[in-house]
file my_file_21.json (JSON, C-alpha atoms and all ligand atoms)
[["chain", "number", "residue", "atom", "x", "y", "z"],
["A", 105, "MET", "CA", -19.91, -13.92, -22.09],
["A", 106, "THR", "CA", -16.98, -16.01, -23.33],
["A", 107, "THR", "CA", -13.87, -16.45, -21.19],
["A", 108, "GLU", "CA", -11.98, -14.10, -23.52],
["A", 109, "GLU", "CA", -14.67, -11.42, -23.10],
["A", 110, "LYS", "CA", -14.57, -11.86, -19.31],
["A", 111, "LYS", "CA", -10.77, -11.53, -19.33],
["A", 112, "GLU", "CA", -11.04, -8.32, -21.35],
["A", 113, "LYS", "CA", -13.69, -6.92, -18.98],
["A", 114, "LEU", "CA", -11.64, -7.68, -15.86],
["A", 115, "THR", "CA", -8.46, -6.31, -17.45],
["A", 116, "ASP", "CA", -10.25, -3.06, -18.36],
["A", 117, "ILE", "CA", -11.74, -2.61, -14.86],
["A", 118, "MET", "CA", -8.42, -3.31, -13.14],
["A", 119, "ALA", "CA", -6.51, -0.93, -15.45],
["A", 120, "SER", "CA", -9.11, 1.73, -14.74],
["A", 121, "PHE", "CA", -8.95, 1.08, -10.97],
["A", 122, "ILE", "CA", -5.15, 1.20, -10.89],
["A", 123, "GLY", "CA", -5.24, 4.50, -12.77],
["A", 124, "HIS", "CA", -7.93, 5.85, -10.44],
["A", 125, "THR", "CA", -5.87, 4.98, -7.37],
["A", 126, "ALA", "CA", -2.84, 6.72, -8.87],
["A", 127, "ILE", "CA", -4.88, 9.93, -9.17],
["A", 128, "HIS", "CA", -7.18, 9.80, -6.13],
["A", 129, "LEU", "CA", -5.97, 8.94, -2.63],
["A", 130, "PRO", "CA", -8.09, 6.48, -0.65],
["A", 131, "ASP", "CA", -10.90, 7.95, 1.46],
["A", 132, "ASP", "CA", -9.32, 6.99, 4.81],
["A", 133, "VAL", "CA", -6.00, 8.64, 3.92],
["A", 134, "VAL", "CA", -7.75, 11.87, 2.87],
["A", 135, "SER", "CA", -9.78, 11.87, 6.12],
["A", 136, "LYS", "CA", -6.63, 11.32, 8.20],
["A", 137, "LEU", "CA", -4.76, 14.13, 6.43],
["A", 138, "GLU", "CA", -7.73, 16.43, 7.13],
["A", 139, "ALA", "CA", -7.65, 15.44, 10.81],
["A", 140, "LEU", "CA", -3.87, 15.96, 11.05],
["A", 141, "ARG", "CA", -4.19, 19.40, 9.46],
["A", 142, "ALA", "CA", -7.00, 20.36, 11.84],
["A", 143, "ALA", "CA", -4.87, 19.38, 14.86],
["A", 144, "GLU", "CA", -1.74, 21.18, 13.62],
["A", 145, "ASP", "CA", -0.65, 24.67, 14.64],
["A", 146, "ASP", "CA", 2.89, 24.85, 13.23],
["A", 147, "PRO", "CA", 2.83, 27.39, 10.34],
["A", 148, "ALA", "CA", 5.27, 25.46, 8.12],
["A", 149, "ALA", "CA", 3.37, 22.21, 8.66],
["A", 150, "LEU", "CA", 0.07, 23.93, 7.88],
["A", 151, "SER", "CA", 1.43, 25.26, 4.60],
["A", 152, "ILE", "CA", 2.65, 21.76, 3.67],
["A", 153, "TYR", "CA", -0.81, 20.30, 4.37],
["A", 154, "ASP", "CA", -2.35, 23.07, 2.25],
["A", 155, "MET", "CA", 0.01, 22.15, -0.61],
["A", 156, "MET", "CA", -0.97, 18.50, -0.25],
["A", 157, "PHE", "CA", -4.67, 19.34, -0.55],
["A", 158, "LYS", "CA", -3.99, 21.62, -3.51],
["A", 159, "ASN", "CA", -2.00, 18.77, -5.07],
["A", 160, "MET", "CA", -4.96, 16.42, -4.56],
["A", 161, "ARG", "CA", -7.40, 18.91, -6.13],
["A", 162, "LEU", "CA", -5.15, 19.48, -9.15],
["A", 163, "ALA", "CA", -4.57, 15.75, -9.64],
["A", 164, "ALA", "CA", -8.33, 15.15, -9.68],
["A", 165, "ASP", "CA", -9.10, 18.16, -11.92],
["A", 166, "LEU", "CA", -6.36, 17.37, -14.44],
["A", 167, "GLY", "CA", -6.68, 13.58, -14.23],
["A", 168, "ARG", "CA", -2.99, 13.18, -13.44],
["A", 169, "PRO", "CA", -1.24, 11.02, -10.82],
["A", 170, "SER", "CA", -1.00, 12.55, -7.35],
["A", 171, "CYS", "CA", 2.79, 11.98, -7.41],
["A", 172, "GLN", "CA", 5.22, 11.68, -10.32],
["A", 173, "ASP", "CA", 6.53, 8.44, -8.81],
["A", 174, "THR", "CA", 3.67, 6.05, -9.46],
["A", 175, "GLY", "CA", 5.74, 3.25, -8.00],
["A", 176, "LEU", "CA", 5.93, -0.44, -8.69],
["A", 177, "VAL", "CA", 2.47, -2.02, -8.80],
["A", 178, "GLN", "CA", 1.82, -4.73, -6.22],
["A", 179, "PHE", "CA", -1.30, -6.84, -5.61],
["A", 180, "ARG", "CA", -2.59, -8.73, -2.62],
["A", 181, "ILE", "CA", -5.11, -11.23, -3.99],
["A", 182, "GLU", "CA", -7.71, -12.90, -1.77],
["A", 183, "CYS", "CA", -9.27, -15.09, -4.42],
["A", 184, "GLY", "CA", -12.06, -17.61, -3.96],
["A", 185, "SER", "CA", -11.16, -21.08, -5.21],
["A", 186, "ARG", "CA", -14.30, -21.01, -7.39],
["A", 187, "PHE", "CA", -13.78, -17.50, -8.85],
["A", 188, "PRO", "CA", -14.36, -17.99, -12.61],
["A", 189, "LEU", "CA", -11.10, -16.31, -13.74],
["A", 190, "ILE", "CA", -8.77, -17.59, -11.03],
["A", 191, "HIS", "CA", -6.53, -19.35, -13.55],
["A", 192, "GLN", "CA", -6.28, -16.29, -15.78],
["A", 193, "LEU", "CA", -5.84, -13.72, -13.01],
["A", 194, "SER", "CA", -2.02, -13.46, -13.16],
["A", 195, "GLU", "CA", -2.16, -12.70, -16.88],
["A", 196, "ILE", "CA", -5.08, -10.29, -16.39],
["A", 197, "LEU", "CA", -3.25, -8.27, -13.72],
["A", 198, "HIS", "CA", -0.07, -8.20, -15.82],
["A", 199, "ASP", "CA", -2.03, -6.84, -18.79],
["A", 200, "ALA", "CA", -3.94, -4.39, -16.57],
["A", 201, "VAL", "CA", -0.64, -2.89, -15.36],
["A", 202, "MET", "CA", 0.58, -2.48, -18.94],
["A", 203, "LYS", "CA", -2.72, -0.86, -19.92],
["A", 204, "ALA", "CA", -2.77, 1.48, -16.91],
["A", 205, "THR", "CA", 0.85, 2.45, -17.58],
["A", 206, "ALA", "CA", -0.03, 3.50, -21.12],
["A", 207, "GLU", "CA", -3.43, 5.07, -20.46],
["A", 208, "THR", "CA", -3.25, 6.82, -17.05],
["A", 209, "PRO", "CA", -0.28, 7.22, -17.69],
["A", 210, "LEU", "CA", 1.96, 5.79, -14.96],
["A", 211, "ARG", "CA", 5.68, 6.49, -14.87],
["A", 212, "PRO", "CA", 7.61, 3.39, -15.98],
["A", 213, "ASN", "CA", 9.65, 2.33, -12.94],
["A", 214, "ALA", "CA", 10.45, -1.35, -13.50],
["A", 215, "VAL", "CA", 14.18, -1.92, -14.12],
["A", 216, "GLU", "CA", 15.39, -5.44, -14.89],
["A", 217, "ILE", "CA", 18.00, -6.66, -12.42],
["A", 218, "PHE", "CA", 21.51, -7.22, -13.94],
["A", 219, "ASP", "CA", 20.45, -6.21, -17.46],
["A", 220, "GLU", "CA", 19.68, -2.74, -16.07],
["A", 221, "TYR", "CA", 17.10, -1.48, -18.53],
["A", 222, "ASN", "CA", 13.68, 0.00, -17.87],
["A", 223, "THR", "CA", 11.01, -2.26, -19.34],
["A", 224, "GLY", "CA", 8.83, 0.79, -20.03],
["A", 225, "SER", "CA", 5.66, -1.00, -18.95],
["A", 226, "ASN", "CA", 5.95, -1.48, -15.17],
["A", 227, "THR", "CA", 6.01, -5.21, -15.89],
["A", 228, "GLY", "CA", 8.98, -7.57, -16.08],
["A", 229, "THR", "CA", 10.55, -10.40, -14.13],
["A", 230, "GLY", "CA", 8.26, -10.87, -11.13],
["A", 231, "ALA", "CA", 6.40, -7.65, -11.86],
["A", 232, "PRO", "CA", 3.72, -6.91, -10.98],
["A", 233, "ALA", "CA", 4.26, -8.54, -7.58],
["A", 234, "LEU", "CA", 1.38, -10.87, -6.66],
["A", 235, "PHE", "CA", 0.77, -11.98, -3.06],
["A", 236, "TRP", "CA", -1.87, -14.72, -3.20],
["A", 237, "ASP", "CA", -4.28, -16.09, -0.67],
["A", 238, "ILE", "CA", -6.80, -18.69, -1.91],
["A", 239, "ILE", "CA", -10.15, -18.61, -0.08],
["A", 240, "PRO", "CA", -11.84, -22.05, -0.03],
["A", 241, "ASP", "CA", -15.45, -22.43, -1.21],
["A", 242, "SER", "CA", -15.80, -18.84, -2.41],
["A", 243, "ASP", "CA", -16.57, -17.56, -5.91],
["A", 244, "SER", "CA", -15.63, -13.92, -5.29],
["A", 245, "CYS", "CA", -12.22, -12.26, -5.48],
["A", 246, "GLY", "CA", -10.82, -9.35, -3.45],
["A", 247, "ILE", "CA", -7.79, -7.51, -4.83],
["A", 248, "TYR", "CA", -5.70, -4.93, -2.98],
["A", 249, "THR", "CA", -3.69, -2.67, -5.27],
["A", 250, "TYR", "CA", -0.64, -0.84, -3.99],
["A", 251, "LEU", "CA", 1.67, 1.57, -5.79],
["A", 252, "ALA", "CA", 5.00, 1.21, -3.99],
["A", 253, "GLY", "CA", 6.97, 4.43, -4.51],
["A", 254, "GLY", "CA", 10.76, 4.52, -4.40],
["A", 255, "GLY", "CA", 11.01, 7.04, -1.57],
["A", 256, "CYS", "CA", 8.63, 5.20, 0.72],
["A", 257, "SER", "CA", 10.19, 1.81, -0.08],
["A", 258, "LEU", "CA", 13.68, 3.10, 0.77],
["A", 259, "PRO", "CA", 13.45, 2.98, 4.60],
["A", 260, "GLY", "CA", 12.11, -0.59, 4.60],
["A", 261, "GLN", "CA", 14.12, -3.09, 6.61],
["A", 262, "ALA", "CA", 13.83, -6.67, 7.83],
["A", 263, "MET", "CA", 16.00, -8.63, 10.20],
["A", 264, "VAL", "CA", 15.92, -11.46, 12.70],
["A", 265, "LEU", "CA", 16.54, -10.66, 16.36],
["A", 266, "MET", "CA", 17.58, -12.80, 19.29],
["A", 267, "PRO", "CA", 14.66, -13.40, 21.65],
["A", 268, "GLY", "CA", 16.46, -11.36, 24.30],
["A", 269, "ASP", "CA", 16.07, -8.26, 22.12],
["A", 270, "GLY", "CA", 12.35, -8.53, 22.82],
["A", 271, "TYR", "CA", 9.67, -6.24, 21.47],
["A", 272, "GLU", "CA", 11.91, -3.33, 22.48],
["A", 273, "GLY", "CA", 14.26, -4.54, 19.72],
["A", 274, "ALA", "CA", 11.42, -4.34, 17.21],
["A", 275, "ALA", "CA", 10.61, -0.81, 18.34],
["A", 276, "ARG", "CA", 14.29, 0.16, 18.03],
["A", 277, "ILE", "CA", 14.37, -0.96, 14.38],
["A", 278, "VAL", "CA", 11.25, 1.08, 13.57],
["A", 279, "LEU", "CA", 12.57, 4.22, 15.27],
["A", 280, "ASP", "CA", 16.07, 3.82, 13.76],
["A", 281, "ARG", "CA", 14.63, 3.64, 10.26],
["A", 282, "ILE", "CA", 12.32, 6.60, 10.87],
["A", 283, "THR", "CA", 15.15, 8.79, 12.15],
["A", 284, "SER", "CA", 17.64, 7.75, 9.42],
["A", 285, "TYR", "CA", 15.50, 7.54, 6.27],
["A", 286, "GLY", "CA", 12.01, 8.70, 7.26],
["A", 287, "LEU", "CA", 12.44, 12.05, 5.52],
["A", 288, "ASN", "CA", 13.02, 10.31, 2.18],
["A", 289, "ALA", "CA", 9.59, 8.74, 2.43],
["A", 290, "CYS", "CA", 7.57, 11.99, 2.41],
["A", 291, "PRO", "CA", 5.84, 12.06, 5.82],
["A", 292, "PRO", "CA", 3.32, 11.82, 7.34],
["A", 293, "LEU", "CA", 3.94, 8.10, 6.99],
["A", 294, "LEU", "CA", 1.91, 4.97, 7.40],
["A", 295, "VAL", "CA", 4.21, 2.55, 9.22],
["A", 296, "GLY", "CA", 3.69, -1.17, 8.65],
["A", 297, "VAL", "CA", 5.40, -3.47, 11.15],
["A", 298, "GLY", "CA", 5.62, -7.24, 10.71],
["A", 299, "ILE", "CA", 6.63, -9.59, 13.52],
["A", 300, "ALA", "CA", 7.10, -13.33, 12.93],
["A", 301, "GLY", "CA", 9.63, -16.15, 13.11],
["A", 302, "SER", "CA", 11.72, -15.46, 10.03],
["A", 303, "ILE", "CA", 12.72, -12.63, 7.78],
["A", 304, "GLU", "CA", 10.40, -13.26, 4.82],
["A", 305, "THR", "CA", 7.25, -13.80, 6.90],
["A", 306, "ALA", "CA", 7.95, -10.64, 8.88],
["A", 307, "ALA", "CA", 8.54, -8.70, 5.64],
["A", 308, "LEU", "CA", 5.26, -9.91, 4.12],
["A", 309, "HIS", "CA", 3.35, -8.99, 7.30],
["A", 310, "SER", "CA", 4.86, -5.51, 7.25],
["A", 311, "LYS", "CA", 3.59, -4.97, 3.70],
["A", 312, "LEU", "CA", 0.15, -6.43, 4.48],
["A", 313, "ALA", "CA", -0.01, -4.08, 7.47],
["A", 314, "LEU", "CA", 0.13, -1.18, 4.99],
["A", 315, "LEU", "CA", -3.03, -2.48, 3.34],
["A", 316, "ARG", "CA", -5.04, -2.20, 6.55],
["A", 317, "PRO", "CA", -7.20, 0.94, 6.82],
["A", 318, "VAL", "CA", -5.66, 4.03, 8.38],
["A", 319, "GLY", "CA", -7.12, 4.37, 11.89],
["A", 320, "SER", "CA", -7.67, 0.64, 12.36],
["A", 321, "HIS", "CA", -6.00, -1.27, 15.19],
["A", 322, "ASN", "CA", -4.81, -4.84, 15.52],
["A", 323, "PRO", "CA", -7.47, -6.90, 17.36],
["A", 324, "ASN", "CA", -4.81, -8.17, 19.79],
["A", 325, "GLU", "CA", -4.80, -5.66, 22.67],
["A", 326, "LYS", "CA", -1.04, -5.91, 23.19],
["A", 327, "ALA", "CA", -0.33, -5.36, 19.50],
["A", 328, "ALA", "CA", -2.75, -2.42, 19.49],
["A", 329, "ALA", "CA", -0.98, -0.96, 22.54],
["A", 330, "MET", "CA", 2.36, -1.26, 20.73],
["A", 331, "GLU", "CA", 0.84, 0.49, 17.69],
["A", 332, "ARG", "CA", -0.20, 3.43, 19.89],
["A", 333, "LEU", "CA", 3.17, 3.54, 21.70],
["A", 334, "LEU", "CA", 5.07, 3.62, 18.41],
["A", 335, "GLU", "CA", 2.73, 6.25, 16.97],
["A", 336, "ASP", "CA", 3.18, 8.49, 20.01],
["A", 337, "SER", "CA", 6.97, 7.93, 20.01],
["A", 338, "ILE", "CA", 7.37, 8.78, 16.32],
["A", 339, "ASN", "CA", 5.17, 11.86, 16.63],
["A", 340, "ALA", "CA", 7.23, 13.00, 19.62],
["A", 341, "ILE", "CA", 10.34, 13.18, 17.40],
["A", 342, "GLY", "CA", 8.69, 16.14, 15.67],
["A", 343, "ILE", "CA", 9.56, 15.31, 12.04],
["A", 344, "GLY", "CA", 6.26, 16.71, 10.78],
["A", 345, "PRO", "CA", 4.84, 16.71, 7.24],
["A", 346, "GLN", "CA", 7.67, 16.58, 4.66],
["A", 347, "GLY", "CA", 10.15, 16.83, 7.55],
["A", 348, "LEU", "CA", 9.65, 20.54, 8.23],
["A", 349, "GLY", "CA", 8.52, 19.98, 11.82],
["A", 350, "GLY", "CA", 5.06, 19.59, 13.27],
["A", 351, "SER", "CA", 3.03, 17.77, 15.85],
["A", 352, "SER", "CA", 2.33, 14.66, 13.73],
["A", 353, "SER", "CA", 4.65, 12.59, 11.58],
["A", 354, "VAL", "CA", 2.54, 9.50, 10.88],
["A", 355, "LEU", "CA", -0.82, 8.54, 9.43],
["A", 356, "GLY", "CA", -0.64, 5.60, 11.80],
["A", 357, "VAL", "CA", 1.26, 2.46, 12.80],
["A", 358, "ASN", "CA", -0.18, -0.93, 11.79],
["A", 359, "ILE", "CA", 1.24, -4.18, 13.14],
["A", 360, "GLU", "CA", 0.58, -7.63, 11.68],
["A", 361, "TYR", "CA", 2.16, -10.82, 13.00],
["A", 362, "SER", "CA", 2.31, -14.60, 13.07],
["A", 363, "VAL", "CA", 4.04, -16.99, 15.47],
["A", 364, "ARG", "CA", 7.77, -16.75, 16.08],
["A", 365, "HIS", "CA", 10.31, -19.50, 16.64],
["A", 366, "THR", "CA", 11.35, -20.03, 20.27],
["A", 367, "ALA", "CA", 14.82, -18.75, 19.37],
["A", 368, "THR", "CA", 14.00, -15.82, 17.06],
["A", 369, "ILE", "CA", 11.94, -12.70, 16.54],
["A", 370, "GLY", "CA", 11.72, -11.72, 12.88],
["A", 371, "VAL", "CA", 10.95, -8.01, 12.50],
["A", 372, "ALA", "CA", 10.28, -5.94, 9.40],
["A", 373, "VAL", "CA", 9.11, -2.43, 8.75],
["A", 374, "SER", "CA", 7.59, -1.02, 5.53],
["A", 375, "PHE", "CA", 6.47, 2.54, 4.94],
["A", 376, "GLY", "CA", 3.71, 4.26, 3.03],
["A", 377, "CYS", "CA", 4.01, 7.97, 2.24],
["A", 378, "TRP", "CA", 1.39, 10.73, 2.48],
["A", 379, "THR", "CA", 0.24, 9.70, -1.03],
["A", 380, "HIS", "CA", -0.49, 6.21, 0.26],
["A", 381, "ARG", "CA", -1.99, 4.77, -2.93],
["A", 382, "ARG", "CA", -3.74, 1.67, -1.72],
["A", 383, "GLY", "CA", -6.97, 0.40, -3.24],
["A", 384, "HIS", "CA", -9.31, -2.50, -2.53],
["A", 385, "ILE", "CA", -11.79, -3.89, -5.04],
["A", 386, "VAL", "CA", -13.97, -6.99, -4.77],
["A", 387, "PHE", "CA", -15.46, -8.91, -7.72],
["A", 388, "ASP", "CA", -18.33, -11.36, -7.57],
["A", 389, "SER", "CA", -18.60, -14.29, -9.95],
["A", 390, "ASN", "CA", -20.40, -12.09, -12.53],
["A", 391, "LEU", "CA", -17.47, -9.64, -12.41],
["A", 392, "ASP", "CA", -19.65, -6.98, -10.78],
["A", 393, "CYS", "CA", -17.45, -5.10, -8.36],
["A", 394, "THR", "CA", -17.40, -2.82, -5.34],
["A", 395, "THR", "CA", -14.66, -0.84, -3.63],
["A", 396, "ASP", "CA", -14.48, 0.28, -0.02],
["A", 397, "THR", "CA", -11.46, 2.55, -0.48],
["A", 398, "HIS", "CA", -12.47, 4.97, -3.25],
["A", 399, "HIS", "CA", -16.03, 6.36, -3.10],
["A", 400, "GLY", "CA", -15.65, 8.03, -6.53],
["A", 401, "PHE", "CA", -14.81, 4.89, -8.51],
["A", 402, "THR", "CA", -17.57, 3.39, -10.61],
["A", 403, "CYS", "CA", -16.99, -0.24, -11.56],
["A", 404, "GLY", "CA", -17.31, -1.00, -15.22],
["A", 405, "ARG", "CA", -16.87, 2.62, -16.24],
["B", 501, "LIG", "S1", 7.65, 8.96, -1.16],
["B", 501, "LIG", "FE1", 5.55, 9.02, -1.98],
["B", 501, "LIG", "S2", 5.02, 11.21, -2.22],
["B", 501, "LIG", "FE2", 7.27, 11.04, -1.96],
["B", 501, "LIG", "S3", 8.06, 11.00, -4.08],
["B", 501, "LIG", "FE3", 7.82, 8.86, -3.39],
["B", 501, "LIG", "S4", 5.77, 8.22, -4.07],
["B", 501, "LIG", "FE4", 5.85, 10.47, -4.16]]
call {"tool": "encode", "arguments": {"input": "my_file_21.json", "output": "C-alpha cells"}}
result
Amino acid sequence: MTTEEKKEKLTDIMASFIGHTAIHLPDDVVSKLEALRAAEDDPAALSIYDMMFKNMRLAADLGRPSCQDTGLVQFRIECGSRFPLIHQLSEILHDAVMKATAETPLRPNAVEIFDEYNTGSNTGTGAPALFWDIIPDSDSCGIYTYLAGGGCSLPGQAMVLMPGDGYEGAARIVLDRITSYGLNACPPLLVGVGIAGSIETAALHSKLALLRPVGSHNPNEKAAAMERLLEDSINAIGIGPQGLGGSSSVLGVNIEYSVRHTATIGVAVSFGCWTHRRGHIVFDSNLDCTTDTHHGFTCGR
C-alpha cells in the first residue's frame, strides 16, 4: 500500500469511527445509565432515563446522532514514534472530521474567532483540537475521540488557588460550578477534575480525566477518596437526570493530576453530559484497529 492509500484508509476509518461515536454512546456510559436507572425510584427521574434509552434506540435505528449538538471534535493522540503515518496524522484527522461532518452528518459548530462565521466543516483555526503524547519505541497509535458539546463545555472552569485554599478549595470550585451551571450540561454528568501547578496543566488534566472509563478510579488512594467524596456530595444535592430531581446526578467523578508549585494549586473542572461521546481506537502499524469503547464498531467497515 502506498502512503497515499494508507492515508485514505486511516481517514476513512477515523471518519467512520467519529460518526459511530456520535450515534452510539460508549459501552461504559450505557452500562452506568442502566445502573443509575435501576437504583432510581423518583418517578420523574425514571421517565427521563426511559426517554434517554428511547433516544439511544432511535439514534441507532435511524443512524442519527444521539444529540443534535455533535460538539467540537477533539482528539487525544498517544502515538508511537515509529507509527508509519505519524507525520501525516494531523492532516488525516482534519480530513476525517470534514468527512464525518458531511457523511454522518455532524452539526457544524466551529465558529472562527473575531471573523464570527461558521466554517461549516467543524474544522478551522486550531480545529480539530489535538492533544499529543508521543510514545517512544512504539509503532502503534491510540486515539481518543471526544465530541465536546456546548452545554457540557459551558460549566468548565480553571483557576489557580493559594496553597491555603487546600483541596477543600478545589472541591468548592467543582460544587460551585455544578450548582450554578450543572443543569445546562444535561445531567447525569461525568465530572473531570484536574489538579496541578498552573492553569493550563490543570485544564488539560480535567479534560483527560473525562477520557478515563466511567467507574474507574485514580490509582492514588487519596485522589480516589476525593473522587468518591465529590460524587457523594454532588449526588446529595439532588439535581437528578436533566435537573428534575433524583438520587443520582453524576456518571462519576474522575481526577487527574500532576505536581503543583509550592505556592499554588491549579484547579480545573470539565464536564461530560449524559451523551458522553468518547471513543478510543488503537491502530497497529498495518492500520488494523481495535476499540475498547464501542463493541459494535467494526474497523475497516
Ligand atoms: S449537554 Fe450534551 S446532551 Fe445536552 S445538548 Fe449538549 S451535547 Fe446534547
call {"tool": "closest_residue", "arguments": {"input": "my_file_21.json", "among": "A:Lys111, A:Arg141, A:Arg281, A:Arg211", "to": "A:Leu197", "atoms": "all atoms listed in the file"}}
result
A:Lys111
call {"tool": "atom_distance", "arguments": {"input": "my_file_21.json", "atom1": "atom CA of A:Pro267", "atom2": "atom CA of A:Thr368"}}
result
5.2 Å
call {"tool": "residues_near_point", "arguments": {"input": "my_file_21.json", "point": "(10.3, 3.8, -15.2)", "cutoff": "12 Å", "atoms": "all atoms listed in the file", "output": "list in words"}}
result
Gln172, Asp173, Thr174, Gly175, Leu176, Val177, Thr205, Ala206, Pro209, Leu210, Arg211, Pro212, Asn213, Ala214, Val215, Glu216, Glu220, Tyr221, Asn222, Thr223, Gly224, Ser225, Asn226, Thr227, Gly228, Gly253 and Gly254 of chain A
call {"tool": "closest_residue", "arguments": {"input": "my_file_21.json", "among": "A:Ile369, A:Ala126, A:Ile343, A:Ala328", "to": "ligand LIG 501 (chain B)", "atoms": "all atoms listed in the file"}}
result
A:Ala126
call {"tool": "atom_distance", "arguments": {"input": "my_file_21.json", "atom1": "atom CA of A:Asn288", "atom2": "atom CA of A:Asn339"}}
result
16.5 Å
call {"tool": "residues_near_ligand", "arguments": {"input": "my_file_21.json", "ligand": "ligand LIG 501 (chain B)", "cutoff": "6 Å", "atoms": "only C-alpha atoms and all ligand atoms", "output": "list in words"}}
result
Cys171, Asp173, Gly253, Gly254, Gly255, Cys256, Ala289, Cys290, Cys377, Trp378 and Thr379 of chain A
call {"tool": "residues_around", "arguments": {"input": "my_file_21.json", "residues": "A:Leu348", "least_positions_apart": "5", "cutoff": "9 Å", "atoms": "all atoms listed in the file", "output": "PDB file with C-alpha atoms, in the coordinates of the input"}}
result
ATOM      1  CA  ALA A 148       5.270  25.460   8.120  1.00  0.00           C
ATOM      2  CA  ALA A 149       3.370  22.210   8.660  1.00  0.00           C
ATOM      3  CA  ILE A 152       2.650  21.760   3.670  1.00  0.00           C
ATOM      4  CA  GLY A 342       8.690  16.140  15.670  1.00  0.00           C
ATOM      5  CA  ILE A 343       9.560  15.310  12.040  1.00  0.00           C
TER       6      ILE A 343
END
call {"tool": "residues_around", "arguments": {"input": "my_file_21.json", "residues": "A:Glu331", "least_positions_apart": "4", "cutoff": "12 Å", "atoms": "all atoms listed in the file", "output": "PyMOL selection string"}}
result
chain A and resi 271+274-275+278+294-298+313+318-327+335-338+354-360
call {"tool": "closest_residue", "arguments": {"input": "my_file_21.json", "among": "A:Leu334, A:Ala262, A:Ile299, A:Leu251", "to": "A:Ser374", "atoms": "only C-alpha atoms"}}
result
A:Ala262
call {"tool": "atom_distance", "arguments": {"input": "my_file_21.json", "atom1": "atom CA of A:Ser120", "atom2": "atom CA of A:His399"}}
result
14.3 Å
call {"tool": "closest_residue", "arguments": {"input": "my_file_21.json", "among": "A:Val134, A:Ile282, A:Ile127, A:Met118", "to": "A:Pro317", "atoms": "all atoms listed in the file"}}
result
A:Val134
call {"tool": "residues_around", "arguments": {"input": "my_file_21.json", "residues": "A:Glu108", "least_positions_apart": "4", "cutoff": "12 Å", "atoms": "all atoms listed in the file", "output": "PyMOL selection string"}}
result
chain A and resi 112-115+188-189+192+195-196
call {"tool": "closest_residue", "arguments": {"input": "my_file_21.json", "among": "A:Glu109, A:His309, A:Phe218, A:Leu258", "to": "A:Ser284", "atoms": "all atoms listed in the file"}}
result
A:Leu258
call {"tool": "residues_around", "arguments": {"input": "my_file_21.json", "residues": "A:Met160", "least_positions_apart": "4", "cutoff": "9 Å", "atoms": "only C-alpha atoms", "output": "ChimeraX atom specification"}}
result
/A:127-129,155-156,164-165,170
call {"tool": "residues_around", "arguments": {"input": "my_file_21.json", "residues": "stretch 380-384 of chain A", "least_positions_apart": "6", "cutoff": "6 Å", "atoms": "all atoms listed in the file", "output": "ChimeraX atom specification"}}
result
/A:125,129,247-251,395,397
call {"tool": "closest_residue", "arguments": {"input": "my_file_21.json", "among": "A:Ser362, A:Ser151, A:Asn390, A:Ser194", "to": "A:Met105", "atoms": "all atoms listed in the file"}}
result
A:Asn390
call {"tool": "axis_aligned_box", "arguments": {"input": "my_file_21.json", "around": "stretch 388-398 of chain A", "padding_each_side": "8 Å", "output": "AutoDock Vina command-line options"}}
result
--center_x -15.9 --center_y -4.7 --center_z -6.3 --size_x 24.9 --size_y 35.3 --size_z 28.5
